[in-house]
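Here is the structure we will look at, set down as structure tokens.
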Amino acid sequence: MRDRAMQAMHAMALSPVAETLADLNSYGFRPKRSAADAIEQCFKALAKKSSAKWVLEADIKGCFDNISHEWLMEHIPMDKMMLTQWLQCGYIFQATNAGTPQGGIISPIYANMALDGLEAAVKSATKGLTKVHVIRYADDFIVTADSSEILENRVRPAVEAFLGERGLSLSKEKTHITHINTGFDFLGFNVRKYKEKLLIKPAKASIKRLLDKVRDRIKYQPTVSAAVLIRQLNSIIRGWASYYRHVVSKDTFSWVDTHIFRAIYRWIKRKHNQKSIKRINRRYFTTIEMNHWRFFLPGVKTPKAMPKCVYFIKLPLLPLNVT
């Protein structure tokens with residue numbers, strides 16, 4: 001606890017310095033910035049007909065594990081003795097010679113300060129060219145350009161040289177140059193143009209992770225009460241929907257809601273395999289304002305209030321923020 005308190009104190013002092021030196025389009029682990037802001041910048045950079053057509057999807061190999069201690073010691077403006085102890089603390093009895101402390105309060109600030117300057121390096125390598133944009137969230141970033149040759153011959157060498165000074169490198173397997181009509185995944189979103197119209201949707205991998213998590217939660221709790229299951233699923237689904245409500249997600253929400261409903265119905269039928277379908281439907285489903293098949297449990301007791309119904313939220317009914 002004392003160590004974390006010391007990290008928090010130094011982070012409070014270092015954060016204003018990091019904000020002063022930060023790249024303009026860096027959005028990860030910064031005050032009042034989020035993944036939604038990074039996606040908004042993607043839309044601004046790629047939405048127009050005259051916007052850049054090619055994107056470098058960059059992936060840094062083990063960013064938090066491989067940042068050079070020598071570079072951090074030379075460039076991070078803080079007490080060097082404390083910095084050395086935190087960087088070399090390692091785990092159990094194993095000291096570390098590279099990287100930042102995993103899970104440390106101050107680690108994201110170190111990583112951001114190490115990667116700040118990437119945007120300037122790319123702009124310097126593409127001086128005189130337009131439509132070159134760098135959008136970074138922590139160690140995930142993309143670079144846009146008007147042609148694949150610019151990204152391959154000018155941007156990629158500049159990025160590799162910048163990272164090499166900090167002991168980092170690009171992952172050859174996960175770094176790609178993609179046309180906007182093919183689309184790419186960034187921060188769990190799929191960004192792609194359909195007939196010159198840019199649409200940003202939840203990525204298929206993110207949808208699969210959600211459904212796998214929900215199905216596992218339902219499958220491995222065959223005896224839990226419906227009220228407990230509803231509360232558990234509501235927290236998972238509400239958090240996922242809040243992350244994706246800013247983009248084109250209405251059809252995706254409806255599709256996901258259908259598959260979750262099927263998983264819940266199978267759970268109910270296994271739980272009451274001796275009861276008729278009509279009785280199951282009457283007990284567990286209701287209609288609210290023309291919204292049929294709403295999974296609920298009536299009259300659940302609460303510690304300090306009268307019994308009340310517990311309703312399962314439906315994704316298509318959640319408000320979408322289109323501003």
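To be explicit about the labels: the chains of the structure tokens are called A, B, and onward in the order shown, and within each one the residues are counted from 1, while ligands get numbers from 1 in the order they are shown.
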
As a short mmCIF file (atom, residue, chain, number, x, y, z; two decimals) with C-alpha atoms, in the first residue's frame, please: the residues near segment 254-260 of chain A (cut-off 9 Å, only C-alpha atoms, same-chain neighbours under 4 positions excluded).
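Saved as selection30.cif:
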```cif
data_model
loop_
_atom_site.label_atom_id
_atom_site.label_comp_id
_atom_site.auth_asym_id
_atom_site.auth_seq_id
_atom_site.Cartn_x
_atom_site.Cartn_y
_atom_site.Cartn_z
CA ILE A 207 -19.09 -9.37 -30.38
CA LEU A 210 -19.31 -10.78 -25.36
CA LEU A 211 -21.44 -13.72 -26.49
CA VAL A 214 -22.60 -14.35 -21.55
CA ARG A 215 -23.07 -17.95 -22.67
CA SER A 249 -24.61 -0.32 -33.53
CA LYS A 250 -28.41 -0.61 -33.71
CA ILE A 264 -31.49 -17.61 -21.73
CA TYR A 265 -34.45 -19.58 -23.05
CA LYS A 314 -32.74 -5.43 -23.91
CA LEU A 315 -29.92 -4.06 -26.04
CA PRO A 316 -32.14 -2.52 -28.77
#
```

Restricting the calculation to only C-alpha atoms, which member of A:Ile177, A:Val247, A:Ile268, A:Met290 is positioned closest to Asn153 of chain A?
A:Ile177

For segment 66-82 of chain A: contacts at 10 Å, only C-alpha atoms, fewer than 6 positions along chain excluded, given as a list in words:
Met6, Gln7, His10, Ala11, Ala13, Leu14, Val17, Ala18, Ile60, Gln88, Thr96, Asn97, Ala98, Gly99, Thr100, Ile109, Tyr110, Ala111, Met113, Ala114, Leu115, Leu163, Gly164, Glu165, Arg166, Gly167, Leu168 and Ser169 of chain A

Residues near segment 124-135 of chain A, cut-off 10 Å, only C-alpha atoms, skip fewer than 3 positions along chain, as a VMD selection string
chain A and resid 23 to 27 38 to 39 41 to 42 45 to 46 50 to 56 118 to 121 138 140 to 147 150 to 151 153 to 159

From segment 164-212 of chain A, collect each residue whose DSSP state is strand (DSSP E or B) and return the set as a count of residues only.
20

Calculate how many Å separate atom CA of Leu21 of chain A from atom CA of Ala35 of chain A, rounding to one decimal.
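Computing it gives 20.0 Å between the two atoms.
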